[in-house]
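Just work12.cif here, mmCIF, C-alpha atoms:
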data_query
#
loop_
_atom_site.group_PDB
_atom_site.id
_atom_site.type_symbol
_atom_site.label_atom_id
_atom_site.label_comp_id
_atom_site.auth_asym_id
_atom_site.auth_seq_id
_atom_site.Cartn_x
_atom_site.Cartn_y
_atom_site.Cartn_z
ATOM 1 C CA MET A 119 0.000 0.000 0.000
ATOM 2 C CA THR A 120 1.554 3.349 -1.040
ATOM 3 C CA ALA A 121 1.767 6.429 1.183
ATOM 4 C CA GLU A 122 -0.441 8.321 -1.294
ATOM 5 C CA ARG A 123 -3.168 5.691 -1.091
ATOM 6 C CA ILE A 124 -3.011 5.640 2.708
ATOM 7 C CA ARG A 125 -3.230 9.431 2.765
ATOM 8 C CA LYS A 126 -6.345 9.465 0.564
ATOM 9 C CA ILE A 127 -8.065 6.779 2.623
ATOM 10 C CA MET A 128 -7.263 8.472 5.926
ATOM 11 C CA LEU A 129 -8.337 11.912 4.661
ATOM 12 C CA GLY A 130 -11.671 10.469 3.571
ATOM 13 C CA LEU A 131 -12.219 8.763 6.916
ATOM 14 C CA ALA A 132 -11.250 11.902 8.804
ATOM 15 C CA GLY A 133 -13.699 14.010 6.805
ATOM 16 C CA LEU A 134 -16.542 11.605 7.522
ATOM 17 C CA ALA A 135 -15.623 11.444 11.207
ATOM 18 C CA ILE A 136 -15.587 15.219 11.527
ATOM 19 C CA LEU A 137 -18.980 15.608 9.824
ATOM 20 C CA ALA A 138 -20.447 12.846 11.970
ATOM 21 C CA GLY A 139 -19.024 14.401 15.106
ATOM 22 C CA VAL A 140 -20.528 17.797 14.360
ATOM 23 C CA ALA A 141 -23.949 16.286 13.687
ATOM 24 C CA LEU A 142 -23.777 14.200 16.847
ATOM 25 C CA ALA A 143 -22.748 17.145 18.994
ATOM 26 C CA ILE A 144 -25.657 19.244 17.708
ATOM 27 C CA ALA A 145 -28.176 16.439 18.131
ATOM 28 C CA THR A 146 -27.143 15.259 21.587
ATOM 29 C CA ALA A 147 -25.560 18.251 23.344
ATOM 30 C CA PRO A 148 -28.338 18.833 25.974
ATOM 31 C CA SER A 149 -27.959 15.351 27.456
ATOM 32 C CA SER A 150 -24.490 14.308 26.358
ATOM 33 C CA SER A 151 -21.920 13.132 28.864
ATOM 34 C CA GLU A 152 -19.344 12.405 26.216
ATOM 35 C CA GLY A 153 -15.963 14.085 26.195
ATOM 36 C CA PRO A 154 -15.041 16.730 23.612
ATOM 37 C CA LEU A 155 -14.282 15.832 20.055
ATOM 38 C CA SER A 156 -10.975 17.584 20.566
ATOM 39 C CA PRO A 157 -8.499 16.721 23.349
ATOM 40 C CA PRO A 158 -9.235 18.166 26.785
ATOM 41 C CA PRO A 159 -7.969 21.633 27.610
ATOM 42 C CA GLY A 160 -5.284 22.560 30.045
ATOM 43 C CA ARG A 161 -2.304 22.532 27.726
ATOM 44 C CA ALA A 162 -0.209 25.633 27.250
ATOM 45 C CA ALA A 163 -0.842 27.628 24.082
ATOM 46 C CA GLY A 164 0.957 26.034 21.183
ATOM 47 C CA ALA A 165 1.566 22.726 22.992
ATOM 48 C CA ARG A 166 -0.131 20.517 20.440
ATOM 49 C CA GLY A 167 1.983 17.405 20.515
ATOM 50 C CA GLU A 168 4.260 18.317 17.602
ATOM 51 C CA ASP A 169 7.946 18.679 18.270
ATOM 52 C CA SER A 170 9.694 21.872 17.243
ATOM 53 C CA SER A 171 10.568 20.428 13.815
ATOM 54 C CA ASP A 172 6.870 19.820 13.081
ATOM 55 C CA VAL A 173 6.082 23.438 13.889
ATOM 56 C CA ALA A 174 8.928 24.564 11.634
ATOM 57 C CA ILE A 175 7.773 22.306 8.783
ATOM 58 C CA ALA A 176 4.170 23.501 9.086
ATOM 59 C CA ALA A 177 5.260 27.145 9.296
ATOM 60 C CA ARG A 178 7.439 26.816 6.172
ATOM 61 C CA TYR A 179 4.648 25.119 4.238
ATOM 62 C CA ILE A 180 2.063 27.746 5.219
ATOM 63 C CA GLY A 181 4.520 30.592 4.677
ATOM 64 C CA VAL A 182 4.674 32.127 8.145
ATOM 65 C CA SER A 183 7.147 32.127 11.006
ATOM 66 C CA SER A 184 6.904 29.568 13.801
ATOM 67 C CA VAL A 185 5.926 32.383 16.180
ATOM 68 C CA GLN A 186 3.121 33.520 13.853
ATOM 69 C CA LEU A 187 1.890 29.950 13.497
ATOM 70 C CA ARG A 188 1.766 29.415 17.258
ATOM 71 C CA ARG A 189 -0.146 32.674 17.589
ATOM 72 C CA LYS A 190 -2.734 31.471 15.096
ATOM 73 C CA LEU A 191 -3.000 28.129 16.901
ATOM 74 C CA SER A 192 -3.566 29.913 20.205
ATOM 75 C CA SER A 193 -6.601 31.601 18.589
ATOM 76 C CA ASP A 194 -8.350 28.198 18.472
ATOM 77 C CA LEU A 195 -7.660 27.498 14.801
ATOM 78 C CA THR A 196 -6.539 24.071 13.666
ATOM 79 C CA LEU A 197 -3.507 23.534 11.447
ATOM 80 C CA ALA A 198 -5.919 22.360 8.734
ATOM 81 C CA GLU A 199 -8.013 25.537 8.986
ATOM 82 C CA ILE A 200 -4.909 27.716 8.832
ATOM 83 C CA ALA A 201 -3.604 25.867 5.767
ATOM 84 C CA ASN A 202 -6.971 25.957 3.966
ATOM 85 C CA ALA A 203 -7.287 29.699 4.643
ATOM 86 C CA THR A 204 -3.877 30.345 3.045
ATOM 87 C CA THR A 205 -3.777 30.965 -0.698
ATOM 88 C CA GLY A 206 -2.115 28.119 -2.550
ATOM 89 C CA ARG A 207 -2.034 25.882 0.511
ATOM 90 C CA SER A 208 -4.325 23.116 1.794
ATOM 91 C CA ALA A 209 -4.791 20.687 4.655
ATOM 92 C CA SER A 210 -3.852 17.780 2.396
ATOM 93 C CA GLY A 211 -0.681 19.568 1.315
ATOM 94 C CA LEU A 212 0.233 20.214 4.938
ATOM 95 C CA PHE A 213 -0.386 16.562 5.735
ATOM 96 C CA ASP A 214 1.999 15.542 2.948
ATOM 97 C CA ALA A 215 4.642 18.000 4.158
ATOM 98 C CA LEU A 216 4.502 16.637 7.704
ATOM 99 C CA LEU A 217 4.390 13.001 6.610
ATOM 100 C CA ALA A 218 7.269 13.236 4.118
ATOM 101 C CA PRO A 219 10.223 13.300 6.560
ATOM 102 C CA ARG A 220 8.715 10.493 8.627
ATOM 103 C CA ALA A 221 8.073 8.370 5.546
ATOM 104 C CA ALA A 222 11.650 8.999 4.416
ATOM 105 C CA ARG A 223 13.011 7.794 7.752
ATOM 106 C CA LEU A 224 10.947 4.617 7.459
ATOM 107 C CA ARG A 225 12.199 3.986 3.924
ATOM 108 C CA ASN A 226 15.779 4.471 5.101
ATOM 109 C CA ALA A 227 15.187 1.983 7.917
ATOM 110 C CA VAL A 228 13.893 -0.562 5.408
ATOM 111 C CA SER A 229 16.876 0.026 3.121
ATOM 112 C CA ALA A 230 19.249 -0.431 6.062
ATOM 113 C CA GLY A 231 17.553 -3.684 7.023
ATOM 114 C CA ARG A 232 16.365 -2.335 10.378
ATOM 115 C CA LEU A 233 12.686 -2.568 9.425
ATOM 116 C CA SER A 234 10.633 -4.925 7.289
ATOM 117 C CA GLU A 235 8.347 -3.615 4.552
ATOM 118 C CA ALA A 236 5.325 -5.055 6.375
ATOM 119 C CA LYS A 237 6.193 -3.134 9.550
ATOM 120 C CA GLN A 238 6.892 -0.052 7.458
ATOM 121 C CA GLU A 239 3.307 -0.083 6.148
ATOM 122 C CA ILE A 240 1.900 -0.559 9.661
ATOM 123 C CA LYS A 241 3.964 2.309 11.036
ATOM 124 C CA LEU A 242 3.091 4.518 8.080
ATOM 125 C CA ALA A 243 -0.634 3.890 8.579
ATOM 126 C CA LYS A 244 -0.354 4.759 12.285
ATOM 127 C CA LEU A 245 1.633 7.900 11.496
ATOM 128 C CA SER A 246 -0.954 8.969 8.919
ATOM 129 C CA LYS A 247 -3.798 8.528 11.388
ATOM 130 C CA ARG A 248 -1.989 10.473 14.117
ATOM 131 C CA LEU A 249 -1.028 13.327 11.791
ATOM 132 C CA LEU A 250 -4.598 13.641 10.508
ATOM 133 C CA LYS A 251 -5.869 13.972 14.075
ATOM 134 C CA GLU A 252 -3.133 16.491 14.798
ATOM 135 C CA ILE A 253 -3.823 18.851 11.917
ATOM 136 C CA HIS A 254 -7.600 18.771 12.534
ATOM 137 C CA ARG A 255 -7.296 19.165 16.292
ATOM 138 C CA HIS A 256 -8.573 22.236 18.130
ATOM 139 C CA GLU A 257 -6.963 23.489 21.275
ATOM 140 C CA GLY A 258 -10.517 23.839 22.547
ATOM 141 C CA ILE A 259 -11.775 26.640 24.734
ATOM 142 C CA ARG A 260 -8.954 26.718 27.220
ATOM 143 C CA VAL A 261 -10.134 26.853 30.825
ATOM 144 C CA GLY A 262 -7.798 29.733 31.576
ATOM 145 C CA PRO A 263 -8.357 32.896 33.649
ATOM 146 C CA VAL A 264 -10.824 34.508 31.216
ATOM 147 C CA ASP A 265 -13.019 31.450 30.677
ATOM 148 C CA ARG A 266 -13.046 30.451 34.331
ATOM 149 C CA ALA A 267 -13.915 34.005 35.270
ATOM 150 C CA THR A 268 -16.744 34.028 32.718
ATOM 151 C CA THR A 269 -18.009 30.674 33.985
ATOM 152 C CA ALA A 270 -17.853 31.796 37.614
ATOM 153 C CA ARG A 271 -19.684 35.059 36.884
ATOM 154 C CA TYR A 272 -22.453 33.298 34.984
ATOM 155 C CA LEU A 273 -22.908 30.640 37.650
ATOM 156 C CA GLY A 274 -22.670 33.058 40.559
ATOM 157 C CA LEU A 275 -19.816 31.088 42.095
ATOM 158 C CA SER A 276 -16.228 31.839 42.971
ATOM 159 C CA VAL A 277 -13.525 30.707 40.571
ATOM 160 C CA GLU A 278 -12.209 28.385 43.280
ATOM 161 C CA ARG A 279 -15.586 26.670 43.671
ATOM 162 C CA VAL A 280 -15.722 26.121 39.908
ATOM 163 C CA ARG A 281 -12.233 24.602 40.020
ATOM 164 C CA ALA A 282 -13.223 22.364 42.927
ATOM 165 C CA ALA A 283 -16.287 21.125 41.034
ATOM 166 C CA ILE A 284 -14.167 20.334 37.974
ATOM 167 C CA ARG A 285 -11.643 18.480 40.142
ATOM 168 C CA SER A 286 -14.587 16.438 41.444
ATOM 169 C CA ARG A 287 -15.177 15.307 37.846
ATOM 170 C CA HIS A 288 -18.280 17.382 37.180
ATOM 171 C CA SER A 289 -18.813 18.851 33.728
ATOM 172 C CA LEU A 290 -19.534 22.564 33.412
ATOM 173 C CA ALA A 291 -22.972 21.563 32.093
ATOM 174 C CA GLN A 292 -23.701 19.614 35.283
ATOM 175 C CA ILE A 293 -22.573 22.515 37.436
ATOM 176 C CA ALA A 294 -24.747 24.963 35.476
ATOM 177 C CA SER A 295 -27.805 22.698 35.665
ATOM 178 C CA SER A 296 -27.479 22.521 39.450
ATOM 179 C CA ARG A 297 -27.729 26.323 39.766
ATOM 180 C CA ARG A 298 -31.189 27.882 39.902
ATOM 181 C CA GLY A 299 -31.850 30.090 36.894
ATOM 182 C CA ARG A 300 -28.776 28.838 35.080
ATOM 183 C CA SER A 301 -28.319 26.281 32.306
ATOM 184 C CA ALA A 302 -25.714 24.697 30.098
ATOM 185 C CA ALA A 303 -27.127 26.569 27.092
ATOM 186 C CA GLY A 304 -26.827 29.878 28.931
ATOM 187 C CA LEU A 305 -23.237 29.115 29.922
ATOM 188 C CA ILE A 306 -22.384 28.233 26.322
ATOM 189 C CA ARG A 307 -23.760 31.584 25.151
ATOM 190 C CA ALA A 308 -21.763 33.436 27.814
ATOM 191 C CA LEU A 309 -18.521 31.692 26.860
ATOM 192 C CA ILE A 310 -19.102 32.307 23.152
ATOM 193 C CA ARG A 311 -19.639 36.025 23.828
ATOM 194 C CA THR A 312 -16.369 36.196 25.773
ATOM 195 C CA LYS A 313 -14.417 34.373 23.093
ATOM 196 C CA THR A 314 -15.972 36.417 20.283
ATOM 197 C CA THR A 315 -14.966 39.621 22.086
ATOM 198 C CA ALA A 316 -11.412 38.301 22.533
ATOM 199 C CA LEU A 317 -11.169 37.428 18.823
ATOM 200 C CA ALA A 318 -12.367 40.905 17.840
ATOM 201 C CA ALA A 319 -9.726 42.434 20.118
ATOM 202 C CA ALA A 320 -7.052 40.247 18.481
ATOM 203 C CA VAL A 321 -8.090 41.535 15.041
ATOM 204 C CA ARG A 322 -7.930 45.170 16.205
ATOM 205 C CA ALA A 323 -4.473 44.563 17.666
ATOM 206 C CA GLY A 324 -3.267 43.073 14.377
ATOM 207 C CA LYS A 325 -2.653 39.657 15.955
ATOM 208 C CA LEU A 326 -5.319 37.872 13.892
ATOM 209 C CA SER A 327 -6.667 38.310 10.373
ATOM 210 C CA ARG A 328 -10.360 38.861 9.746
ATOM 211 C CA ALA A 329 -10.476 35.629 7.735
ATOM 212 C CA ALA A 330 -8.987 33.666 10.635
ATOM 213 C CA ARG A 331 -11.448 35.320 13.019
ATOM 214 C CA SER A 332 -14.393 34.286 10.822
ATOM 215 C CA THR A 333 -13.122 30.722 10.638
ATOM 216 C CA SER A 334 -12.731 30.505 14.413
ATOM 217 C CA ILE A 335 -16.150 32.047 15.113
ATOM 218 C CA ALA A 336 -17.827 29.563 12.764
ATOM 219 C CA THR A 337 -16.596 26.653 14.880
ATOM 220 C CA LEU A 338 -17.088 28.255 18.302
ATOM 221 C CA PRO A 339 -20.558 26.799 19.057
ATOM 222 C CA ARG A 340 -19.381 23.219 18.534
ATOM 223 C CA ARG A 341 -16.129 23.645 20.432
ATOM 224 C CA VAL A 342 -17.648 25.519 23.371
ATOM 225 C CA SER A 343 -20.452 22.958 23.596
ATOM 226 C CA ASN A 344 -17.898 20.146 23.650
ATOM 227 C CA GLU A 345 -16.018 21.857 26.465
ATOM 228 C CA VAL A 346 -19.125 22.561 28.543
ATOM 229 C CA TYR A 347 -20.303 18.940 28.320
ATOM 230 C CA PHE A 348 -16.829 17.463 28.823
ATOM 231 C CA VAL A 349 -16.497 15.314 31.961
ATOM 232 C CA PRO A 350 -12.910 15.445 33.315
ATOM 233 C CA PRO A 351 -11.311 11.987 33.350
ATOM 234 C CA LYS A 352 -10.381 10.276 36.566
ATOM 235 C CA ARG A 353 -6.756 10.933 37.411
ATOM 236 C CA ALA A 354 -4.525 7.920 37.574
ATOM 237 C CA SER A 355 -3.211 7.115 41.031
ATOM 238 C CA ARG A 356 0.439 7.839 41.524
ATOM 239 C CA ALA A 357 2.649 4.934 42.358
ATOM 240 C CA ASN A 358 4.220 5.071 45.779
#

Could I get this structure in the form of structure tokens?
Amino acid sequence: MTAERIRKIMLGLAGLAILAGVALAIATAPSSSEGPLSPPPGRAAGARGEDSSDVAIAARYIGVSSVQLRRKLSSDLTLAEIANATTGRSASGLFDALLAPRAARLRNAVSAGRLSEAKQEIKLAKLSKRLLKEIHRHEGIRVGPVDRATTARYLGLSVERVRAAIRSRHSLAQIASSRRGRSAAGLIRALIRTKTTALAAAVRAGKLSRAARSTSIATLPRRVSNEVYFVPPKRASRAN
């Protein structure tokens, strides 16, 4: 199986998965206890799982500096969205650019006799799947100072009480539903307003293009809904 064929298959599957995820989130959000479609928040801006070389490769392909790329990523855009919004660039092209050096290393390993062709195909398929998730992944609405403050204000609770509830593995939707006169839908609207205001401020400051702002705003309802209904996972016990 060639790398090109694997790429086409994986891109098709990813597209179907994304469309299905959006439809499912819209249809089941009021009662969903599922986690977000994107990984849970809490990571520092720009910490997306790529090593520095991945950031450099993506930045070169898109035609921006690594600093500019990280800034765009911190505005809740995916690598795929950034690539598709850039003239002459695309998500599939970015995928190829990121896969190429990895595929080359695998071919070299086969040539050197360190890896069989069968294992090469298995590793290449796994790499393709991981890279597709990576370029389509949102940072999510980070539960940082602004969002926690917005959540606390809407719920009429202190920021510390919100943190304590999250540590107790309650979703923001569950916390909102337990407050008289409050709801998950109302919290989602409040968080979207805060994020929309922040995006507008980024455009005025020249840190974000209007096109990037429009792209981010279009996906805000889904991403905020995912975050509000996300149930924090149980933390693994530390070994003594």

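Near (-24.7, 33.1, 43.4), the residues that fall inside 12 Å on the basis of only C-alpha atoms are Thr269, Ala270, Arg271, Tyr272, Leu273, Gly274, Leu275, Ser276, Val277, Arg279, Val280, Ala294, Ser296, Arg297, Arg298, Gly299 and Arg300 of chain A.
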
Inset, instruction - Go through A:Leu242, A:Ala302, A:Ala316, A:Ala201 one by one, measure the shortest atom-to-atom distance of each to A:Arg225 using all atoms listed in the file, and give the residue with the smallest value. - result: A:Leu242

Inset, instruction - Please evaluate the PyMOL selection byres ((chain A and resi 333) around 10) against the structure above and give the resulting residues as a ChimeraX atom specification. - result: /A:194-196,199-200,203,327-332,334-338

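Counting from atom CA of A:Ala176, the distance to atom CA of A:Thr315 is 28.2 Å.
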
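You will find atom CA of A:Val228 at 19.7 Å from atom CA of A:Leu216.
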
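Once the PyMOL selection byres ((chain A and resi 283-288) around 9) is applied to the depicted file, the selected set reads A:Glu278, A:Arg279, A:Val280, A:Arg281, A:Ala282, A:Ser289, A:Leu290, A:Ala291, A:Gln292, A:Ile293, A:Phe348, A:Val349, A:Pro350, A:Pro351, A:Lys352.
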
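Minimum atom-to-atom distances from A:Leu212, A:Ala319, A:Ala243, A:Ala221 to A:Ile175 were compared using all atoms listed in the file, and the lowest value belongs to A:Leu212.
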
Inset, instruction - Would you mind telling me which residue in A:Ala215, A:Ser343, A:Ser234, A:Arg255 lies nearest to A:Leu191 when using all atoms listed in the file? - result: A:Arg255

Just so I have it separately, write stretch 235-358 of chain A from the block I sent, keeping C-alpha atoms, as an mmCIF file, in the first residue's frame.
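What ended up in decode-v9.cif:
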data_model
loop_
_atom_site.group_PDB
_atom_site.id
_atom_site.type_symbol
_atom_site.label_atom_id
_atom_site.label_comp_id
_atom_site.auth_asym_id
_atom_site.auth_seq_id
_atom_site.Cartn_x
_atom_site.Cartn_y
_atom_site.Cartn_z
ATOM 1 C CA GLU A 235 8.347 -3.615 4.552
ATOM 2 C CA ALA A 236 5.325 -5.055 6.375
ATOM 3 C CA LYS A 237 6.193 -3.134 9.550
ATOM 4 C CA GLN A 238 6.892 -0.052 7.458
ATOM 5 C CA GLU A 239 3.307 -0.083 6.148
ATOM 6 C CA ILE A 240 1.900 -0.559 9.661
ATOM 7 C CA LYS A 241 3.964 2.309 11.036
ATOM 8 C CA LEU A 242 3.091 4.518 8.080
ATOM 9 C CA ALA A 243 -0.634 3.890 8.579
ATOM 10 C CA LYS A 244 -0.354 4.759 12.285
ATOM 11 C CA LEU A 245 1.633 7.900 11.496
ATOM 12 C CA SER A 246 -0.954 8.969 8.919
ATOM 13 C CA LYS A 247 -3.798 8.528 11.388
ATOM 14 C CA ARG A 248 -1.989 10.473 14.117
ATOM 15 C CA LEU A 249 -1.028 13.327 11.791
ATOM 16 C CA LEU A 250 -4.598 13.641 10.508
ATOM 17 C CA LYS A 251 -5.869 13.972 14.075
ATOM 18 C CA GLU A 252 -3.133 16.491 14.798
ATOM 19 C CA ILE A 253 -3.823 18.851 11.917
ATOM 20 C CA HIS A 254 -7.600 18.771 12.534
ATOM 21 C CA ARG A 255 -7.296 19.165 16.292
ATOM 22 C CA HIS A 256 -8.573 22.236 18.130
ATOM 23 C CA GLU A 257 -6.963 23.489 21.275
ATOM 24 C CA GLY A 258 -10.517 23.839 22.547
ATOM 25 C CA ILE A 259 -11.775 26.640 24.734
ATOM 26 C CA ARG A 260 -8.954 26.718 27.220
ATOM 27 C CA VAL A 261 -10.134 26.853 30.825
ATOM 28 C CA GLY A 262 -7.798 29.733 31.576
ATOM 29 C CA PRO A 263 -8.357 32.896 33.649
ATOM 30 C CA VAL A 264 -10.824 34.508 31.216
ATOM 31 C CA ASP A 265 -13.019 31.450 30.677
ATOM 32 C CA ARG A 266 -13.046 30.451 34.331
ATOM 33 C CA ALA A 267 -13.915 34.005 35.270
ATOM 34 C CA THR A 268 -16.744 34.028 32.718
ATOM 35 C CA THR A 269 -18.009 30.674 33.985
ATOM 36 C CA ALA A 270 -17.853 31.796 37.614
ATOM 37 C CA ARG A 271 -19.684 35.059 36.884
ATOM 38 C CA TYR A 272 -22.453 33.298 34.984
ATOM 39 C CA LEU A 273 -22.908 30.640 37.650
ATOM 40 C CA GLY A 274 -22.670 33.058 40.559
ATOM 41 C CA LEU A 275 -19.816 31.088 42.095
ATOM 42 C CA SER A 276 -16.228 31.839 42.971
ATOM 43 C CA VAL A 277 -13.525 30.707 40.571
ATOM 44 C CA GLU A 278 -12.209 28.385 43.280
ATOM 45 C CA ARG A 279 -15.586 26.670 43.671
ATOM 46 C CA VAL A 280 -15.722 26.121 39.908
ATOM 47 C CA ARG A 281 -12.233 24.602 40.020
ATOM 48 C CA ALA A 282 -13.223 22.364 42.927
ATOM 49 C CA ALA A 283 -16.287 21.125 41.034
ATOM 50 C CA ILE A 284 -14.167 20.334 37.974
ATOM 51 C CA ARG A 285 -11.643 18.480 40.142
ATOM 52 C CA SER A 286 -14.587 16.438 41.444
ATOM 53 C CA ARG A 287 -15.177 15.307 37.846
ATOM 54 C CA HIS A 288 -18.280 17.382 37.180
ATOM 55 C CA SER A 289 -18.813 18.851 33.728
ATOM 56 C CA LEU A 290 -19.534 22.564 33.412
ATOM 57 C CA ALA A 291 -22.972 21.563 32.093
ATOM 58 C CA GLN A 292 -23.701 19.614 35.283
ATOM 59 C CA ILE A 293 -22.573 22.515 37.436
ATOM 60 C CA ALA A 294 -24.747 24.963 35.476
ATOM 61 C CA SER A 295 -27.805 22.698 35.665
ATOM 62 C CA SER A 296 -27.479 22.521 39.450
ATOM 63 C CA ARG A 297 -27.729 26.323 39.766
ATOM 64 C CA ARG A 298 -31.189 27.882 39.902
ATOM 65 C CA GLY A 299 -31.850 30.090 36.894
ATOM 66 C CA ARG A 300 -28.776 28.838 35.080
ATOM 67 C CA SER A 301 -28.319 26.281 32.306
ATOM 68 C CA ALA A 302 -25.714 24.697 30.098
ATOM 69 C CA ALA A 303 -27.127 26.569 27.092
ATOM 70 C CA GLY A 304 -26.827 29.878 28.931
ATOM 71 C CA LEU A 305 -23.237 29.115 29.922
ATOM 72 C CA ILE A 306 -22.384 28.233 26.322
ATOM 73 C CA ARG A 307 -23.760 31.584 25.151
ATOM 74 C CA ALA A 308 -21.763 33.436 27.814
ATOM 75 C CA LEU A 309 -18.521 31.692 26.860
ATOM 76 C CA ILE A 310 -19.102 32.307 23.152
ATOM 77 C CA ARG A 311 -19.639 36.025 23.828
ATOM 78 C CA THR A 312 -16.369 36.196 25.773
ATOM 79 C CA LYS A 313 -14.417 34.373 23.093
ATOM 80 C CA THR A 314 -15.972 36.417 20.283
ATOM 81 C CA THR A 315 -14.966 39.621 22.086
ATOM 82 C CA ALA A 316 -11.412 38.301 22.533
ATOM 83 C CA LEU A 317 -11.169 37.428 18.823
ATOM 84 C CA ALA A 318 -12.367 40.905 17.840
ATOM 85 C CA ALA A 319 -9.726 42.434 20.118
ATOM 86 C CA ALA A 320 -7.052 40.247 18.481
ATOM 87 C CA VAL A 321 -8.090 41.535 15.041
ATOM 88 C CA ARG A 322 -7.930 45.170 16.205
ATOM 89 C CA ALA A 323 -4.473 44.563 17.666
ATOM 90 C CA GLY A 324 -3.267 43.073 14.377
ATOM 91 C CA LYS A 325 -2.653 39.657 15.955
ATOM 92 C CA LEU A 326 -5.319 37.872 13.892
ATOM 93 C CA SER A 327 -6.667 38.310 10.373
ATOM 94 C CA ARG A 328 -10.360 38.861 9.746
ATOM 95 C CA ALA A 329 -10.476 35.629 7.735
ATOM 96 C CA ALA A 330 -8.987 33.666 10.635
ATOM 97 C CA ARG A 331 -11.448 35.320 13.019
ATOM 98 C CA SER A 332 -14.393 34.286 10.822
ATOM 99 C CA THR A 333 -13.122 30.722 10.638
ATOM 100 C CA SER A 334 -12.731 30.505 14.413
ATOM 101 C CA ILE A 335 -16.150 32.047 15.113
ATOM 102 C CA ALA A 336 -17.827 29.563 12.764
ATOM 103 C CA THR A 337 -16.596 26.653 14.880
ATOM 104 C CA LEU A 338 -17.088 28.255 18.302
ATOM 105 C CA PRO A 339 -20.558 26.799 19.057
ATOM 106 C CA ARG A 340 -19.381 23.219 18.534
ATOM 107 C CA ARG A 341 -16.129 23.645 20.432
ATOM 108 C CA VAL A 342 -17.648 25.519 23.371
ATOM 109 C CA SER A 343 -20.452 22.958 23.596
ATOM 110 C CA ASN A 344 -17.898 20.146 23.650
ATOM 111 C CA GLU A 345 -16.018 21.857 26.465
ATOM 112 C CA VAL A 346 -19.125 22.561 28.543
ATOM 113 C CA TYR A 347 -20.303 18.940 28.320
ATOM 114 C CA PHE A 348 -16.829 17.463 28.823
ATOM 115 C CA VAL A 349 -16.497 15.314 31.961
ATOM 116 C CA PRO A 350 -12.910 15.445 33.315
ATOM 117 C CA PRO A 351 -11.311 11.987 33.350
ATOM 118 C CA LYS A 352 -10.381 10.276 36.566
ATOM 119 C CA ARG A 353 -6.756 10.933 37.411
ATOM 120 C CA ALA A 354 -4.525 7.920 37.574
ATOM 121 C CA SER A 355 -3.211 7.115 41.031
ATOM 122 C CA ARG A 356 0.439 7.839 41.524
ATOM 123 C CA ALA A 357 2.649 4.934 42.358
ATOM 124 C CA ASN A 358 4.220 5.071 45.779
#
